[in-house]
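Have a look at model-v4.pdb below; it lists PDB, C-alpha atoms and all ligand atoms.
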ATOM      1  CA  MET A   1     -24.540 -34.435  -0.143
ATOM      2  CA  ASN A   2     -21.245 -35.981  -1.251
ATOM      3  CA  LYS A   3     -18.837 -33.166  -0.445
ATOM      4  CA  VAL A   4     -18.381 -29.454  -0.817
ATOM      5  CA  ASP A   5     -17.335 -29.001  -4.457
ATOM      6  CA  HIS A   6     -16.586 -25.299  -4.515
ATOM      7  CA  ILE A   7     -17.192 -21.915  -2.934
ATOM      8  CA  GLY A   8     -18.587 -19.180  -5.176
ATOM      9  CA  ILE A   9     -17.111 -15.718  -4.666
ATOM     10  CA  ALA A  10     -18.569 -12.590  -6.271
ATOM     11  CA  VAL A  11     -15.976 -10.170  -7.675
ATOM     12  CA  SER A  12     -16.313  -6.987  -9.718
ATOM     13  CA  SER A  13     -13.468  -7.964 -12.041
ATOM     14  CA  ILE A  14     -11.649 -11.291 -12.380
ATOM     15  CA  ASP A  15      -8.688  -9.559 -14.037
ATOM     16  CA  HIS A  16      -8.457  -7.239 -11.064
ATOM     17  CA  VAL A  17      -8.444  -9.979  -8.386
ATOM     18  CA  LEU A  18      -6.333 -12.633 -10.140
ATOM     19  CA  PRO A  19      -2.969 -11.187  -9.009
ATOM     20  CA  PHE A  20      -4.156 -11.626  -5.405
ATOM     21  CA  TYR A  21      -5.047 -15.302  -5.909
ATOM     22  CA  GLU A  22      -2.079 -16.155  -8.157
ATOM     23  CA  GLN A  23       0.779 -14.048  -6.855
ATOM     24  CA  THR A  24      -0.187 -13.220  -3.266
ATOM     25  CA  LEU A  25      -1.756 -16.587  -2.372
ATOM     26  CA  GLY A  26       0.207 -18.692  -4.855
ATOM     27  CA  LEU A  27      -2.858 -20.521  -6.234
ATOM     28  CA  ASN A  28      -3.412 -21.642  -9.824
ATOM     29  CA  VAL A  29      -6.247 -20.812 -12.191
ATOM     30  CA  MET A  30      -7.770 -23.990 -13.619
ATOM     31  CA  LYS A  31      -9.878 -22.327 -16.288
ATOM     32  CA  ILE A  32     -11.871 -19.246 -17.154
ATOM     33  CA  GLU A  33     -15.162 -19.366 -19.025
ATOM     34  CA  GLU A  34     -18.315 -17.373 -19.642
ATOM     35  CA  VAL A  35     -21.740 -18.730 -18.684
ATOM     36  CA  GLU A  36     -24.066 -16.620 -20.796
ATOM     37  CA  THR A  37     -27.248 -18.023 -19.253
ATOM     38  CA  GLU A  38     -26.152 -16.753 -15.822
ATOM     39  CA  GLY A  39     -24.606 -13.534 -17.102
ATOM     40  CA  VAL A  40     -21.263 -14.337 -15.509
ATOM     41  CA  LYS A  41     -17.626 -14.863 -16.317
ATOM     42  CA  VAL A  42     -16.219 -17.614 -14.111
ATOM     43  CA  ALA A  43     -12.648 -18.411 -13.042
ATOM     44  CA  PHE A  44     -11.980 -21.669 -11.210
ATOM     45  CA  ILE A  45      -9.068 -21.508  -8.771
ATOM     46  CA  ASP A  46      -7.440 -24.701  -7.507
ATOM     47  CA  GLY A  47      -7.683 -24.569  -3.723
ATOM     48  CA  GLY A  48      -6.359 -28.099  -3.195
ATOM     49  CA  ASN A  49      -9.256 -29.976  -1.588
ATOM     50  CA  ILE A  50     -11.799 -27.440  -2.845
ATOM     51  CA  LYS A  51     -12.225 -25.076  -5.759
ATOM     52  CA  LEU A  52     -12.908 -21.378  -5.571
ATOM     53  CA  GLU A  53     -15.304 -20.129  -8.232
ATOM     54  CA  LEU A  54     -14.770 -16.426  -8.910
ATOM     55  CA  LEU A  55     -17.917 -14.919 -10.429
ATOM     56  CA  GLU A  56     -17.775 -11.658 -12.382
ATOM     57  CA  PRO A  57     -21.005 -10.137 -13.742
ATOM     58  CA  LEU A  58     -21.120  -9.764 -17.546
ATOM     59  CA  HIS A  59     -23.845  -7.124 -17.358
ATOM     60  CA  ASN A  60     -26.011  -5.223 -14.871
ATOM     61  CA  GLU A  61     -28.894  -7.712 -15.036
ATOM     62  CA  SER A  62     -26.661 -10.538 -13.819
ATOM     63  CA  PRO A  63     -27.620 -11.915 -10.378
ATOM     64  CA  ILE A  64     -23.970 -11.380  -9.423
ATOM     65  CA  ALA A  65     -24.189  -7.680 -10.334
ATOM     66  CA  LYS A  66     -27.221  -7.373  -8.061
ATOM     67  CA  PHE A  67     -25.447  -9.258  -5.281
ATOM     68  CA  ILE A  68     -22.380  -6.966  -5.438
ATOM     69  CA  GLU A  69     -24.612  -3.908  -5.547
ATOM     70  CA  LYS A  70     -26.383  -5.024  -2.349
ATOM     71  CA  LYS A  71     -23.608  -6.686  -0.351
ATOM     72  CA  GLY A  72     -20.309  -5.915  -2.066
ATOM     73  CA  GLU A  73     -17.727  -8.448  -3.181
ATOM     74  CA  GLY A  74     -17.472 -11.618  -1.116
ATOM     75  CA  ILE A  75     -18.694 -15.165  -0.568
ATOM     76  CA  HIS A  76     -21.777 -15.783  -2.704
ATOM     77  CA  HIS A  77     -22.575 -19.502  -2.378
ATOM     78  CA  VAL A  78     -21.367 -22.918  -1.251
ATOM     79  CA  ALA A  79     -21.778 -25.789  -3.717
ATOM     80  CA  PHE A  80     -22.320 -29.419  -2.751
ATOM     81  CA  GLY A  81     -21.280 -32.079  -5.239
ATOM     82  CA  VAL A  82     -24.160 -34.507  -5.820
ATOM     83  CA  GLU A  83     -25.115 -37.319  -8.164
ATOM     84  CA  GLY A  84     -28.637 -37.709  -9.459
ATOM     85  CA  ILE A  85     -29.450 -34.020  -9.013
ATOM     86  CA  ASP A  86     -33.113 -34.325 -10.038
ATOM     87  CA  GLN A  87     -33.696 -36.928  -7.340
ATOM     88  CA  ARG A  88     -31.879 -34.761  -4.774
ATOM     89  CA  ILE A  89     -34.014 -31.756  -5.678
ATOM     90  CA  ASN A  90     -37.165 -33.828  -5.202
ATOM     91  CA  GLU A  91     -35.940 -35.174  -1.850
ATOM     92  CA  LEU A  92     -35.148 -31.688  -0.596
ATOM     93  CA  ARG A  93     -38.521 -30.365  -1.731
ATOM     94  CA  GLU A  94     -40.259 -33.247   0.048
ATOM     95  CA  LYS A  95     -38.384 -32.208   3.193
ATOM     96  CA  GLY A  96     -39.770 -28.716   2.842
ATOM     97  CA  VAL A  97     -36.796 -26.956   1.240
ATOM     98  CA  ASN A  98     -37.771 -24.150  -1.108
ATOM     99  CA  MET A  99     -35.666 -24.412  -4.276
ATOM    100  CA  ILE A 100     -34.801 -21.397  -6.444
ATOM    101  CA  ASN A 101     -34.430 -23.888  -9.308
ATOM    102  CA  GLU A 102     -37.035 -26.636  -9.144
ATOM    103  CA  THR A 103     -35.303 -28.349 -12.062
ATOM    104  CA  ALA A 104     -31.552 -28.509 -12.686
ATOM    105  CA  LYS A 105     -30.044 -26.144 -15.245
ATOM    106  CA  PRO A 106     -26.650 -26.038 -17.007
ATOM    107  CA  GLY A 107     -23.970 -24.220 -15.006
ATOM    108  CA  ALA A 108     -20.244 -23.557 -15.262
ATOM    109  CA  GLY A 109     -18.030 -26.379 -16.485
ATOM    110  CA  GLY A 110     -20.954 -28.243 -18.061
ATOM    111  CA  ALA A 111     -22.332 -29.292 -14.655
ATOM    112  CA  MET A 112     -26.051 -29.409 -13.926
ATOM    113  CA  VAL A 113     -26.859 -27.103 -11.016
ATOM    114  CA  ALA A 114     -29.738 -25.943  -8.809
ATOM    115  CA  PHE A 115     -29.862 -23.465  -5.939
ATOM    116  CA  MET A 116     -31.743 -23.718  -2.649
ATOM    117  CA  HIS A 117     -33.523 -20.620  -1.445
ATOM    118  CA  PRO A 118     -31.432 -19.096   1.404
ATOM    119  CA  LYS A 119     -34.624 -18.643   3.435
ATOM    120  CA  SER A 120     -34.849 -22.458   3.539
ATOM    121  CA  SER A 121     -31.175 -22.924   4.406
ATOM    122  CA  HIS A 122     -30.650 -20.451   7.230
ATOM    123  CA  GLY A 123     -29.130 -17.633   5.241
ATOM    124  CA  VAL A 124     -26.693 -19.608   3.085
ATOM    125  CA  LEU A 125     -27.134 -19.833  -0.670
ATOM    126  CA  TYR A 126     -26.404 -23.508  -1.358
ATOM    127  CA  GLU A 127     -25.901 -24.912  -4.824
ATOM    128  CA  LEU A 128     -26.277 -28.537  -5.848
ATOM    129  CA  CYS A 129     -23.716 -29.353  -8.515
ATOM    130  CA  ASP A 130     -23.920 -32.609 -10.499
ATOM    131  CA  LYS A 131     -20.965 -33.409 -12.717
ATOM    132  CA  SER A 132     -21.770 -37.064 -13.303
ATOM    133  CA  ASN A 133     -22.760 -36.215 -16.898
ATOM    134  CA  ILE A 134     -19.299 -34.814 -17.702
ATOM    135  CA  ARG A 135     -16.636 -37.100 -19.105
ATOM    136  CA  GLU A 136     -13.598 -34.991 -18.210
ATOM    137  CA  ASP A 137     -13.780 -33.848 -14.601
ATOM    138  CA  LEU A 138     -11.232 -31.212 -13.630
ATOM    139  CA  SER A 139     -11.475 -32.113  -9.980
TER     140      SER A 139
HETATM  141 ZN    ZN B   1     -21.118 -22.459  -8.059
END
Could the structure of this file be written out as structure tokens, please?
Ligand code: ZN
Amino acid sequence: MNKVDHIGIAVSSIDHVLPFYEQTLGLNVMKIEEVETEGVKVAFIDGGNIKLELLEPLHNESPIAKFIEKKGEGIHHVAFGVEGIDQRINELREKGVNMINETAKPGAGGAMVAFMHPKSSHGVLYELCDKSNIREDLS
């Protein structure tokens, strides 16, 4: 893994939490977008050496809606930046890691992403995030 790219944080409402990040913490929003395939609205916050990815469910079937229902708002996942995501997925599977996504799929910001099953990673939901296909990288 190259580095930690971002930390995903589940929130009920981005509009509701932005004053905390912007005014209370003094951080800047990089961009806000909707990822229809995941059923989420996403706000990227510039945390200096790392980004915070605020995830708001767009509907009740969203995995983020189910997460908030079960555990409440809070840290949802940690994302490692990788290159050659398909190769990384195969390497992890060969080492016995159970992947939620056995092939990479499009995620926020045009990155290709895949999640490891938390049962294989000691309770942490880890994301692999490959941005090598994107020309303009916000990081
Ligand atoms: Zn993420």
Problem set entry | Protein, DNA and RNA residues within 9 Å of (-15.5, -5.6, -12.6), only C-alpha atoms, as JSON, numbers by chain | {"A": [11, 12, 13, 14, 15, 16, 56, 57, 58]}
For this session: May I ask you to write as a ChimeraX atom specification all residues lying at most 10 Å from ligand ZN 1 (chain B), with all atoms listed in the file counted?
Result: /A:5-9,42,44,51-55,76-80,107-109,111,113-115,125-129
For this session: Would you kindly translate the PyMOL selection byres (((chain A and resi 130) around 6) and not hetatm) into the concrete residues it picks from this file, as JSON, numbers by chain?
Result: {"A": [81, 82, 83, 85, 111, 112, 129, 131, 132]}
Extending 4 Å beyond the listed atoms of segment 96-100 of chain A on each side, what axis-aligned box results? I want centre and edge lengths in Å to one decimal, as AutoDock Vina command-line options.
--center_x -37.3 --center_y -25.1 --center_z -1.8 --size_x 13.0 --size_y 15.3 --size_z 17.3
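One distance worth recording is that between atom CA of Tyr21 of chain A and atom CA of Ile64 of chain A, which is 19.6 Å.
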Exercise. In Å, how far is it from atom CA of Gly84 of chain A to atom CA of Val29 of chain A?
Worked result: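 Calculated distance between atom CA of Gly84 of chain A and atom CA of Val29 of chain A is 28.2 Å.
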Exercise. For the atom pair atom CA of Gly47 of chain A and atom CA of Leu27 of chain A, what is the interatomic distance in Å to one decimal place?
Worked result: 6.8 Å
Exercise. Can you tell me, as a PyMOL selection string, what residues are no more than 9 Å from Asn101 of chain A when counting all atoms listed in the file, ignoring any on the same chain fewer than 2 positions away?
Worked result: chain A and resi 89+98-99+103-105+113-117
For this session: Please provide the set of residues having any atom within 10 Å of Asn60 of chain A, restricted to all atoms listed in the file, with same-chain residues fewer than 6 positions apart removed, written as an MDAnalysis selection string.
Result: chainID A and resid 39 66 69
Exercise. Of the candidates A:Ile100, A:Val35, A:Ile45, A:Ala10, which one gets nearest to Ile68 of chain A if we count all atoms listed in the file?
Worked result: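 Of A:Ile100, A:Val35, A:Ile45, A:Ala10, the one nearest Ile68 of chain A is A:Ala10, counting all atoms listed in the file.
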For this session: Would you mind listing what lies within 12 Å of segment 24-26 of chain A as a ChimeraX atom specification, with all atoms listed in the file counted and same-chain residues fewer than 5 positions away left out?
Result: /A:17-19,45-48
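Distances here use only C-alpha atoms; by that measure, the residue among A:Glu61, A:Gly74, A:Gly110, A:Asn49 closest to Glu33 of chain A is A:Gly110.
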